[in-house]
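Peer 1: Data file model02.tsv (TSV, N, CA and C atoms) is appended below.
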chain	number	residue	atom	x	y	z
A	1	MET	N	0.83	-1.18	0.00
A	1	MET	CA	0.00	0.00	0.00
A	1	MET	C	0.87	1.24	0.00
A	2	ILE	N	1.95	1.22	0.77
A	2	ILE	CA	2.85	2.38	0.84
A	2	ILE	C	3.48	2.63	-0.52
A	3	ALA	N	3.91	1.56	-1.19
A	3	ALA	CA	4.52	1.71	-2.51
A	3	ALA	C	3.51	2.29	-3.50
A	4	SER	N	2.27	1.87	-3.43
A	4	SER	CA	1.25	2.40	-4.33
A	4	SER	C	0.99	3.88	-4.07
A	5	VAL	N	1.02	4.27	-2.82
A	5	VAL	CA	0.84	5.69	-2.50
A	5	VAL	C	2.02	6.50	-3.02
A	6	ILE	N	3.24	5.97	-2.92
A	6	ILE	CA	4.41	6.67	-3.44
A	6	ILE	C	4.31	6.80	-4.97
A	7	VAL	N	3.90	5.73	-5.65
A	7	VAL	CA	3.73	5.79	-7.10
A	7	VAL	C	2.60	6.75	-7.46
A	8	LEU	N	1.56	6.78	-6.65
A	8	LEU	CA	0.47	7.72	-6.88
A	8	LEU	C	0.96	9.16	-6.78
A	9	LEU	N	1.80	9.44	-5.79
A	9	LEU	CA	2.38	10.78	-5.67
A	9	LEU	C	3.30	11.10	-6.85
A	10	ALA	N	4.11	10.14	-7.27
A	10	ALA	CA	5.00	10.36	-8.41
A	10	ALA	C	4.19	10.59	-9.68
A	11	GLY	N	3.14	9.84	-9.89
A	11	GLY	CA	2.29	10.03	-11.05
A	11	GLY	C	1.59	11.37	-11.03
A	12	SER	N	1.16	11.79	-9.85
A	12	SER	CA	0.52	13.11	-9.72
A	12	SER	C	1.51	14.22	-10.02
A	13	LEU	N	2.73	14.08	-9.52
A	13	LEU	CA	3.76	15.07	-9.81
A	13	LEU	C	4.07	15.12	-11.29
A	14	CYS	N	4.20	13.95	-11.91
A	14	CYS	CA	4.47	13.87	-13.34
A	14	CYS	C	3.33	14.50	-14.13
A	15	ALA	N	2.10	14.21	-13.75
A	15	ALA	CA	0.95	14.79	-14.44
A	15	ALA	C	0.92	16.30	-14.27
A	16	ALA	N	1.24	16.77	-13.06
A	16	ALA	CA	1.24	18.21	-12.82
A	16	ALA	C	2.32	18.91	-13.64
A	17	VAL	N	3.48	18.31	-13.74
A	17	VAL	CA	4.57	18.91	-14.51
A	17	VAL	C	4.15	19.04	-15.97
A	18	PHE	N	3.57	18.00	-16.54
A	18	PHE	CA	3.20	18.05	-17.96
A	18	PHE	C	1.93	18.85	-18.18
A	19	ALA	N	1.09	18.99	-17.17
A	19	ALA	CA	-0.13	19.79	-17.33
A	19	ALA	C	0.16	21.29	-17.25
A	20	PHE	N	1.12	21.68	-16.42
A	20	PHE	CA	1.35	23.10	-16.19
A	20	PHE	C	2.60	23.65	-16.87
A	21	TYR	N	3.34	22.81	-17.54
A	21	TYR	CA	4.54	23.28	-18.23
A	21	TYR	C	4.11	23.78	-19.61
A	22	VAL	N	3.86	25.07	-19.71
A	22	VAL	CA	3.27	25.65	-20.91
A	22	VAL	C	4.21	25.58	-22.11
A	23	GLY	N	5.49	25.82	-21.91
A	23	GLY	CA	6.42	25.90	-23.02
A	23	GLY	C	6.99	24.59	-23.48
A	24	ALA	N	6.46	23.48	-23.02
A	24	ALA	CA	7.04	22.18	-23.34
A	24	ALA	C	6.94	21.84	-24.82
A	25	THR	N	5.86	22.21	-25.45
A	25	THR	CA	5.70	21.82	-26.85
A	25	THR	C	6.48	22.71	-27.80
A	26	SER	N	6.74	23.95	-27.42
A	26	SER	CA	7.39	24.85	-28.37
A	26	SER	C	8.90	24.82	-28.25
A	27	ALA	N	9.44	25.01	-27.06
A	27	ALA	CA	10.89	25.17	-26.96
A	27	ALA	C	11.57	24.20	-26.02
A	28	GLY	N	10.82	23.58	-25.15
A	28	GLY	CA	11.45	22.77	-24.11
A	28	GLY	C	11.65	21.33	-24.48
A	29	LEU	N	10.75	20.51	-24.05
A	29	LEU	CA	10.90	19.07	-24.15
A	29	LEU	C	10.83	18.56	-25.58
A	30	GLU	N	10.07	19.20	-26.43
A	30	GLU	CA	9.94	18.74	-27.81
A	30	GLU	C	11.28	18.80	-28.55
A	31	ASN	N	12.11	19.78	-28.23
A	31	ASN	CA	13.42	19.86	-28.89
A	31	ASN	C	14.35	18.76	-28.41
A	32	LEU	N	14.23	18.38	-27.14
A	32	LEU	CA	15.06	17.30	-26.62
A	32	LEU	C	14.58	15.94	-27.08
A	33	LEU	N	13.28	15.75	-27.04
A	33	LEU	CA	12.70	14.43	-27.34
A	33	LEU	C	11.41	14.64	-28.12
A	34	PRO	N	11.44	14.44	-29.43
A	34	PRO	CA	10.20	14.63	-30.20
A	34	PRO	C	9.10	13.71	-29.67
A	35	GLY	N	7.94	14.28	-29.46
A	35	GLY	CA	6.84	13.52	-28.88
A	35	GLY	C	6.97	13.35	-27.37
A	36	GLY	N	7.90	14.08	-26.77
A	36	GLY	CA	8.16	13.92	-25.34
A	36	GLY	C	7.00	14.31	-24.45
A	37	THR	N	6.25	15.33	-24.86
A	37	THR	CA	5.13	15.73	-24.02
A	37	THR	C	4.03	14.67	-24.05
A	38	VAL	N	3.81	14.06	-25.20
A	38	VAL	CA	2.82	12.98	-25.29
A	38	VAL	C	3.29	11.79	-24.46
A	39	ALA	N	4.56	11.44	-24.59
A	39	ALA	CA	5.11	10.33	-23.81
A	39	ALA	C	5.02	10.63	-22.31
A	40	GLY	N	5.29	11.86	-21.94
A	40	GLY	CA	5.22	12.24	-20.53
A	40	GLY	C	3.81	12.15	-19.98
A	41	ARG	N	2.85	12.58	-20.79
A	41	ARG	CA	1.46	12.49	-20.34
A	41	ARG	C	1.01	11.02	-20.25
A	42	LEU	N	1.45	10.21	-21.20
A	42	LEU	CA	1.12	8.78	-21.13
A	42	LEU	C	1.78	8.12	-19.92
A	43	LEU	N	3.02	8.52	-19.62
A	43	LEU	CA	3.70	7.99	-18.44
A	43	LEU	C	2.94	8.38	-17.17
A	44	ALA	N	2.53	9.63	-17.09
A	44	ALA	CA	1.77	10.09	-15.92
A	44	ALA	C	0.47	9.31	-15.78
A	45	ALA	N	-0.23	9.10	-16.89
A	45	ALA	CA	-1.49	8.35	-16.84
A	45	ALA	C	-1.25	6.90	-16.42
A	46	ALA	N	-0.17	6.29	-16.93
A	46	ALA	CA	0.13	4.91	-16.55
A	46	ALA	C	0.49	4.81	-15.08
A	47	LEU	N	1.27	5.76	-14.58
A	47	LEU	CA	1.63	5.76	-13.16
A	47	LEU	C	0.39	5.93	-12.29
A	48	LEU	N	-0.48	6.85	-12.66
A	48	LEU	CA	-1.69	7.07	-11.87
A	48	LEU	C	-2.61	5.85	-11.90
A	49	ALA	N	-2.77	5.24	-13.06
A	49	ALA	CA	-3.63	4.06	-13.16
A	49	ALA	C	-3.05	2.89	-12.38
A	50	GLY	N	-1.75	2.67	-12.49
A	50	GLY	CA	-1.12	1.58	-11.75
A	50	GLY	C	-1.18	1.80	-10.25
A	51	ALA	N	-0.97	3.04	-9.84
A	51	ALA	CA	-1.02	3.34	-8.41
A	51	ALA	C	-2.44	3.18	-7.86
A	52	ALA	N	-3.42	3.64	-8.62
A	52	ALA	CA	-4.81	3.49	-8.18
A	52	ALA	C	-5.18	2.01	-8.07
A	53	GLY	N	-4.73	1.22	-9.03
A	53	GLY	CA	-4.96	-0.22	-8.95
A	53	GLY	C	-4.27	-0.86	-7.76
A	54	GLY	N	-3.05	-0.41	-7.47
A	54	GLY	CA	-2.32	-0.93	-6.32
A	54	GLY	C	-3.00	-0.58	-5.00
A	55	VAL	N	-3.46	0.65	-4.88
A	55	VAL	CA	-4.17	1.06	-3.66
A	55	VAL	C	-5.47	0.26	-3.52
A	56	ALA	N	-6.21	0.12	-4.62
A	56	ALA	CA	-7.46	-0.65	-4.56
A	56	ALA	C	-7.19	-2.11	-4.19
A	57	THR	N	-6.11	-2.68	-4.74
A	57	THR	CA	-5.77	-4.06	-4.41
A	57	THR	C	-5.39	-4.19	-2.94
A	58	ALA	N	-4.61	-3.24	-2.44
A	58	ALA	CA	-4.22	-3.28	-1.03
A	58	ALA	C	-5.43	-3.18	-0.11
A	59	VAL	N	-6.32	-2.27	-0.43
A	59	VAL	CA	-7.54	-2.14	0.38
A	59	VAL	C	-8.38	-3.41	0.26
A	60	GLY	N	-8.47	-3.97	-0.95
A	60	GLY	CA	-9.21	-5.21	-1.13
A	60	GLY	C	-8.62	-6.38	-0.37
A	61	LEU	N	-7.29	-6.44	-0.31
A	61	LEU	CA	-6.64	-7.50	0.48
A	61	LEU	C	-6.92	-7.34	1.97
A	62	LEU	N	-6.88	-6.09	2.44
A	62	LEU	CA	-7.13	-5.83	3.86
A	62	LEU	C	-8.57	-6.14	4.25
A	63	THR	N	-9.49	-5.98	3.29
A	63	THR	CA	-10.89	-6.27	3.61
A	63	THR	C	-11.31	-7.67	3.20
A	64	GLY	N	-10.38	-8.46	2.67
A	64	GLY	CA	-10.65	-9.86	2.37
A	64	GLY	C	-11.42	-10.11	1.09
A	65	ARG	N	-11.28	-9.27	0.11
A	65	ARG	CA	-11.98	-9.45	-1.17
A	65	ARG	C	-11.27	-10.51	-2.01
A	66	SER	N	-12.05	-11.37	-2.65
A	66	SER	CA	-11.46	-12.46	-3.43
A	66	SER	C	-10.80	-11.94	-4.71
A	67	TRP	N	-11.33	-10.87	-5.31
A	67	TRP	CA	-10.74	-10.32	-6.52
A	67	TRP	C	-9.35	-9.74	-6.23
A	68	ALA	N	-9.12	-9.29	-5.00
A	68	ALA	CA	-7.82	-8.71	-4.65
A	68	ALA	C	-6.74	-9.79	-4.61
A	69	ARG	N	-7.11	-10.99	-4.21
A	69	ARG	CA	-6.14	-12.09	-4.22
A	69	ARG	C	-5.71	-12.42	-5.64
A	70	ILE	N	-6.67	-12.41	-6.56
A	70	ILE	CA	-6.34	-12.65	-7.97
A	70	ILE	C	-5.48	-11.52	-8.52
A	71	ALA	N	-5.84	-10.29	-8.17
A	71	ALA	CA	-5.07	-9.13	-8.64
A	71	ALA	C	-3.63	-9.18	-8.14
A	72	ILE	N	-3.43	-9.58	-6.89
A	72	ILE	CA	-2.07	-9.62	-6.36
A	72	ILE	C	-1.27	-10.73	-7.02
A	73	LEU	N	-1.92	-11.81	-7.43
A	73	LEU	CA	-1.23	-12.86	-8.18
A	73	LEU	C	-0.81	-12.37	-9.56
A	74	VAL	N	-1.67	-11.58	-10.20
A	74	VAL	CA	-1.33	-11.00	-11.50
A	74	VAL	C	-0.16	-10.02	-11.34
A	75	ILE	N	-0.22	-9.19	-10.30
A	75	ILE	CA	0.86	-8.23	-10.04
A	75	ILE	C	2.17	-8.98	-9.76
A	76	ALA	N	2.10	-10.03	-8.97
A	76	ALA	CA	3.29	-10.81	-8.64
A	76	ALA	C	3.87	-11.47	-9.89
A	77	GLY	N	3.02	-12.04	-10.72
A	77	GLY	CA	3.50	-12.66	-11.96
A	77	GLY	C	4.15	-11.65	-12.88
A	78	THR	N	3.57	-10.45	-12.95
A	78	THR	CA	4.17	-9.38	-13.76
A	78	THR	C	5.52	-8.96	-13.20
A	79	LEU	N	5.60	-8.84	-11.88
A	79	LEU	CA	6.89	-8.50	-11.24
A	79	LEU	C	7.96	-9.52	-11.58
A	80	VAL	N	7.62	-10.79	-11.45
A	80	VAL	CA	8.59	-11.85	-11.72
A	80	VAL	C	8.99	-11.84	-13.19
A	81	ALA	N	8.03	-11.71	-14.08
A	81	ALA	CA	8.33	-11.76	-15.52
A	81	ALA	C	9.23	-10.61	-15.95
A	82	PHE	N	8.85	-9.38	-15.59
A	82	PHE	CA	9.66	-8.23	-16.00
A	82	PHE	C	10.99	-8.18	-15.26
A	83	GLY	N	10.99	-8.57	-14.00
A	83	GLY	CA	12.24	-8.60	-13.25
A	83	GLY	C	13.22	-9.62	-13.79
A	84	ALA	N	12.71	-10.82	-14.11
A	84	ALA	CA	13.57	-11.86	-14.66
A	84	ALA	C	14.10	-11.47	-16.03
A	85	ALA	N	13.25	-10.85	-16.85
A	85	ALA	CA	13.72	-10.37	-18.15
A	85	ALA	C	14.80	-9.30	-17.98
A	86	SER	N	14.63	-8.43	-17.01
A	86	SER	CA	15.63	-7.38	-16.76
A	86	SER	C	16.94	-7.98	-16.28
A	87	VAL	N	16.87	-9.01	-15.44
A	87	VAL	CA	18.08	-9.68	-14.97
A	87	VAL	C	18.82	-10.29	-16.15
A	88	LEU	N	18.09	-10.94	-17.05
A	88	LEU	CA	18.72	-11.55	-18.22
A	88	LEU	C	19.35	-10.50	-19.13
A	89	VAL	N	18.70	-9.35	-19.28
A	89	VAL	CA	19.27	-8.28	-20.09
A	89	VAL	C	20.55	-7.75	-19.46
A	90	VAL	N	20.55	-7.58	-18.14
A	90	VAL	CA	21.76	-7.08	-17.46
A	90	VAL	C	22.90	-8.08	-17.61
A	91	ILE	N	22.59	-9.36	-17.53
A	91	ILE	CA	23.64	-10.38	-17.70
A	91	ILE	C	24.20	-10.34	-19.11
A	92	ALA	N	23.34	-10.18	-20.11
A	92	ALA	CA	23.78	-10.24	-21.50
A	92	ALA	C	24.32	-8.91	-22.03
A	93	LEU	N	24.07	-7.81	-21.33
A	93	LEU	CA	24.46	-6.49	-21.81
A	93	LEU	C	25.98	-6.32	-21.80
A	94	PRO	N	26.59	-5.96	-22.93
A	94	PRO	CA	28.04	-5.76	-22.96
A	94	PRO	C	28.40	-4.38	-22.39
A	95	MET	N	28.61	-4.33	-21.10
A	95	MET	CA	28.90	-3.05	-20.43
A	95	MET	C	30.34	-2.60	-20.58
A	96	GLU	N	31.19	-3.46	-21.07
A	96	GLU	CA	32.59	-3.08	-21.22
A	96	GLU	C	32.72	-1.92	-22.20
A	97	ASP	N	31.83	-1.84	-23.18
A	97	ASP	CA	31.86	-0.74	-24.13
A	97	ASP	C	31.48	0.58	-23.48
A	98	LEU	N	30.64	0.52	-22.45
A	98	LEU	CA	30.21	1.74	-21.78
A	98	LEU	C	31.26	2.30	-20.84
A	99	PHE	N	31.98	1.43	-20.16
A	99	PHE	CA	32.91	1.87	-19.13
A	99	PHE	C	34.37	1.66	-19.51
A	100	GLY	N	34.64	1.29	-20.73
A	100	GLY	CA	36.01	1.07	-21.13
A	100	GLY	C	36.55	-0.23	-20.57
A	101	ALA	N	37.80	-0.23	-20.25
A	101	ALA	CA	38.46	-1.46	-19.79
A	101	ALA	C	38.44	-1.61	-18.28
A	102	ASP	N	37.72	-0.74	-17.58
A	102	ASP	CA	37.69	-0.80	-16.11
A	102	ASP	C	36.77	-1.92	-15.65
A	103	GLY	N	37.36	-3.11	-15.43
A	103	GLY	CA	36.59	-4.29	-15.06
A	103	GLY	C	35.91	-4.17	-13.72
A	104	ALA	N	36.55	-3.48	-12.76
A	104	ALA	CA	35.95	-3.35	-11.43
A	104	ALA	C	34.68	-2.51	-11.49
A	105	ARG	N	34.69	-1.46	-12.28
A	105	ARG	CA	33.50	-0.60	-12.40
A	105	ARG	C	32.37	-1.36	-13.09
A	106	VAL	N	32.72	-2.12	-14.12
A	106	VAL	CA	31.71	-2.92	-14.83
A	106	VAL	C	31.06	-3.93	-13.89
A	107	ARG	N	31.88	-4.62	-13.11
A	107	ARG	CA	31.33	-5.60	-12.16
A	107	ARG	C	30.46	-4.92	-11.11
A	108	ALA	N	30.88	-3.76	-10.63
A	108	ALA	CA	30.11	-3.05	-9.61
A	108	ALA	C	28.76	-2.62	-10.16
A	109	VAL	N	28.75	-2.04	-11.35
A	109	VAL	CA	27.49	-1.60	-11.95
A	109	VAL	C	26.59	-2.79	-12.24
A	110	ARG	N	27.16	-3.86	-12.78
A	110	ARG	CA	26.37	-5.06	-13.08
A	110	ARG	C	25.79	-5.65	-11.80
A	111	ASN	N	26.57	-5.72	-10.72
A	111	ASN	CA	26.08	-6.28	-9.46
A	111	ASN	C	24.97	-5.43	-8.86
A	112	VAL	N	25.10	-4.11	-8.93
A	112	VAL	CA	24.06	-3.23	-8.41
A	112	VAL	C	22.77	-3.41	-9.22
A	113	LEU	N	22.90	-3.44	-10.54
A	113	LEU	CA	21.72	-3.63	-11.38
A	113	LEU	C	21.07	-4.99	-11.13
A	114	LEU	N	21.88	-6.02	-10.99
A	114	LEU	CA	21.32	-7.35	-10.70
A	114	LEU	C	20.58	-7.35	-9.37
A	115	LEU	N	21.12	-6.68	-8.38
A	115	LEU	CA	20.45	-6.59	-7.08
A	115	LEU	C	19.14	-5.82	-7.19
A	116	VAL	N	19.17	-4.70	-7.91
A	116	VAL	CA	17.97	-3.89	-8.07
A	116	VAL	C	16.86	-4.68	-8.76
A	117	TYR	N	17.20	-5.46	-9.78
A	117	TYR	CA	16.19	-6.22	-10.50
A	117	TYR	C	15.85	-7.55	-9.84
A	118	ALA	N	16.73	-8.09	-9.02
A	118	ALA	CA	16.47	-9.36	-8.35
A	118	ALA	C	15.52	-9.18	-7.16
A	119	ILE	N	15.51	-8.01	-6.55
A	119	ILE	CA	14.62	-7.77	-5.39
A	119	ILE	C	13.15	-7.92	-5.79
A	120	PRO	N	12.68	-7.26	-6.87
A	120	PRO	CA	11.27	-7.49	-7.25
A	120	PRO	C	10.98	-8.94	-7.65
A	121	VAL	N	11.96	-9.62	-8.24
A	121	VAL	CA	11.76	-11.04	-8.57
A	121	VAL	C	11.55	-11.84	-7.29
A	122	ALA	N	12.35	-11.58	-6.28
A	122	ALA	CA	12.22	-12.29	-5.01
A	122	ALA	C	10.87	-11.99	-4.34
A	123	ILE	N	10.48	-10.72	-4.34
A	123	ILE	CA	9.20	-10.35	-3.73
A	123	ILE	C	8.04	-10.98	-4.48
A	124	GLY	N	8.06	-10.89	-5.82
A	124	GLY	CA	7.00	-11.49	-6.62
A	124	GLY	C	6.91	-12.99	-6.45
A	125	THR	N	8.07	-13.64	-6.38
A	125	THR	CA	8.09	-15.09	-6.16
A	125	THR	C	7.51	-15.43	-4.79
A	126	TRP	N	7.86	-14.65	-3.79
A	126	TRP	CA	7.32	-14.86	-2.44
A	126	TRP	C	5.80	-14.71	-2.44
A	127	TRP	N	5.29	-13.71	-3.15
A	127	TRP	CA	3.84	-13.52	-3.22
A	127	TRP	C	3.19	-14.69	-3.94
A	128	LEU	N	3.82	-15.20	-4.99
A	128	LEU	CA	3.23	-16.32	-5.73
A	128	LEU	C	3.22	-17.61	-4.93
A	129	VAL	N	4.28	-17.83	-4.14
A	129	VAL	CA	4.39	-19.07	-3.37
A	129	VAL	C	3.49	-19.05	-2.15
A	130	HIS	N	3.40	-17.92	-1.49
A	130	HIS	CA	2.60	-17.86	-0.26
A	130	HIS	C	1.29	-17.27	-0.60
Once more with this new file: its structure as structure tokens, please.
Peer 2:
Amino acid sequence: MIASVIVLLAGSLCAAVFAFYVGATSAGLENLLPGGTVAGRLLAAALLAGAAGGVATAVGLLTGRSWARIAILVIAGTLVAFGAASVLVVIALPMEDLFGADGARVRAVRNVLLLVYAIPVAIGTWWLVH
């Protein structure tokens, strides 16, 4: 529930930035990233929708709704699938080109990324098993 509230706040902030940033289409974001304002608005909408679903699922779990158990299984499966895919990408990604010949830096970055992506896999697996 706390994570959903944080995502809800982030989505609200993202939506507010793209709603009130008047110059984004003329001189700001469009020059940096064509279609950036549309992508930003879609990102804000996705964050808000995901957060609202997370809050509803958390409330449903706390009140014992059967649909919330199914929703949390879907969320857990999605976490595991995307997390596992991200772990595989990090393993296969040739980072030596990014950091040059510094093997210690490459290993450190790869280990941090693996840890970041392995945590949601572990949490999602725990939700699926229990």
Peer 1: How many Å lie between atom C of A:Thr63 and atom CA of A:Ile75, rounded to one decimal?
Peer 2: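 Atom C of A:Thr63 sits 18.0 Å away from atom CA of A:Ile75.
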Peer 1: If we count only C-alpha atoms, what is near stretch 89-95 of chain A at a cut-off of 10 Å, once residues fewer than 3 positions away on the same chain are taken out, given as a CSV table (one decimal) with N, CA and C atoms, in the coordinates of the input?
Peer 2:
chain,number,residue,atom,x,y,z
A,83,GLY,N,11.0,-8.6,-14.0
A,83,GLY,CA,12.2,-8.6,-13.2
A,83,GLY,C,13.2,-9.6,-13.8
A,84,ALA,N,12.7,-10.8,-14.1
A,84,ALA,CA,13.6,-11.9,-14.7
A,84,ALA,C,14.1,-11.5,-16.0
A,85,ALA,N,13.2,-10.8,-16.8
A,85,ALA,CA,13.7,-10.4,-18.2
A,85,ALA,C,14.8,-9.3,-18.0
A,86,SER,N,14.6,-8.4,-17.0
A,86,SER,CA,15.6,-7.4,-16.8
A,86,SER,C,16.9,-8.0,-16.3
A,98,LEU,N,30.6,0.5,-22.4
A,98,LEU,CA,30.2,1.7,-21.8
A,98,LEU,C,31.3,2.3,-20.8
A,99,PHE,N,32.0,1.4,-20.2
A,99,PHE,CA,32.9,1.9,-19.1
A,99,PHE,C,34.4,1.7,-19.5
A,100,GLY,N,34.6,1.3,-20.7
A,100,GLY,CA,36.0,1.1,-21.1
A,100,GLY,C,36.6,-0.2,-20.6
A,101,ALA,N,37.8,-0.2,-20.2
A,101,ALA,CA,38.5,-1.5,-19.8
A,101,ALA,C,38.4,-1.6,-18.3
A,103,GLY,N,37.4,-3.1,-15.4
A,103,GLY,CA,36.6,-4.3,-15.1
A,103,GLY,C,35.9,-4.2,-13.7
A,105,ARG,N,34.7,-1.5,-12.3
A,105,ARG,CA,33.5,-0.6,-12.4
A,105,ARG,C,32.4,-1.4,-13.1
A,106,VAL,N,32.7,-2.1,-14.1
A,106,VAL,CA,31.7,-2.9,-14.8
A,106,VAL,C,31.1,-3.9,-13.9
A,107,ARG,N,31.9,-4.6,-13.1
A,107,ARG,CA,31.3,-5.6,-12.2
A,107,ARG,C,30.5,-4.9,-11.1
A,109,VAL,N,28.8,-2.0,-11.4
A,109,VAL,CA,27.5,-1.6,-12.0
A,109,VAL,C,26.6,-2.8,-12.2
A,110,ARG,N,27.2,-3.9,-12.8
A,110,ARG,CA,26.4,-5.1,-13.1
A,110,ARG,C,25.8,-5.6,-11.8
A,111,ASN,N,26.6,-5.7,-10.7
A,111,ASN,CA,26.1,-6.3,-9.5
A,111,ASN,C,25.0,-5.4,-8.9
A,113,LEU,N,22.9,-3.4,-10.5
A,113,LEU,CA,21.7,-3.6,-11.4
A,113,LEU,C,21.1,-5.0,-11.1
A,114,LEU,N,21.9,-6.0,-11.0
A,114,LEU,CA,21.3,-7.4,-10.7
A,114,LEU,C,20.6,-7.4,-9.4
A,117,TYR,N,17.2,-5.5,-9.8
A,117,TYR,CA,16.2,-6.2,-10.5
A,117,TYR,C,15.8,-7.6,-9.8
Peer 1: What residues have an atom no more than 7 Å from (5.3, -10.7, -7.8) in the file's own frame, counting only C-alpha atoms, and can you write them as a PyMOL selection string?
Peer 2: chain A and resi 73+75-80+120-121+123-125+127-128
Peer 1: Could you jot down the atom N of A:Glu96 to atom N of A:Val112 separation for me, Å, one decimal place?
Peer 2: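 So the answer is 13.6 Å.
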Peer 1: Once DSSP has gone over the backbone, tell me which residues of stretch 62-107 of chain A are in helix (DSSP H, G or I), as a PyMOL selection string.
Peer 2: chain A and resi 62+66-92+96-99+103-107
Peer 1: Please compute the atom CA of A:Ser66-atom C of A:Val129 distance, one decimal, in Å.
Peer 2: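 Taking atom CA of A:Ser66 and atom C of A:Val129, their separation equals 16.4 Å.
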Peer 1: Render stretch 53-96 of chain A from the structure in the preceding block as a file of C-alpha atoms, as a short mmCIF file (atom, residue, chain, number, x, y, z; two decimals), in the first residue's frame.
Peer 2:
data_model
loop_
_atom_site.label_atom_id
_atom_site.label_comp_id
_atom_site.auth_asym_id
_atom_site.auth_seq_id
_atom_site.Cartn_x
_atom_site.Cartn_y
_atom_site.Cartn_z
CA GLY A 53 -4.96 -0.22 -8.95
CA GLY A 54 -2.32 -0.93 -6.32
CA VAL A 55 -4.17 1.06 -3.66
CA ALA A 56 -7.46 -0.65 -4.56
CA THR A 57 -5.77 -4.06 -4.41
CA ALA A 58 -4.22 -3.28 -1.03
CA VAL A 59 -7.54 -2.14 0.38
CA GLY A 60 -9.21 -5.21 -1.13
CA LEU A 61 -6.64 -7.50 0.48
CA LEU A 62 -7.13 -5.83 3.86
CA THR A 63 -10.89 -6.27 3.61
CA GLY A 64 -10.65 -9.86 2.37
CA ARG A 65 -11.98 -9.45 -1.17
CA SER A 66 -11.46 -12.46 -3.43
CA TRP A 67 -10.74 -10.32 -6.52
CA ALA A 68 -7.82 -8.71 -4.65
CA ARG A 69 -6.14 -12.09 -4.22
CA ILE A 70 -6.34 -12.65 -7.97
CA ALA A 71 -5.07 -9.13 -8.64
CA ILE A 72 -2.07 -9.62 -6.36
CA LEU A 73 -1.23 -12.86 -8.18
CA VAL A 74 -1.33 -11.00 -11.50
CA ILE A 75 0.86 -8.23 -10.04
CA ALA A 76 3.29 -10.81 -8.64
CA GLY A 77 3.50 -12.66 -11.96
CA THR A 78 4.17 -9.38 -13.76
CA LEU A 79 6.89 -8.50 -11.24
CA VAL A 80 8.59 -11.85 -11.72
CA ALA A 81 8.33 -11.76 -15.52
CA PHE A 82 9.66 -8.23 -16.00
CA GLY A 83 12.24 -8.60 -13.25
CA ALA A 84 13.57 -11.86 -14.66
CA ALA A 85 13.72 -10.37 -18.15
CA SER A 86 15.63 -7.38 -16.76
CA VAL A 87 18.08 -9.68 -14.97
CA LEU A 88 18.72 -11.55 -18.22
CA VAL A 89 19.27 -8.28 -20.09
CA VAL A 90 21.76 -7.08 -17.46
CA ILE A 91 23.64 -10.38 -17.70
CA ALA A 92 23.78 -10.24 -21.50
CA LEU A 93 24.46 -6.49 -21.81
CA PRO A 94 28.04 -5.76 -22.96
CA MET A 95 28.90 -3.05 -20.43
CA GLU A 96 32.59 -3.08 -21.22
#
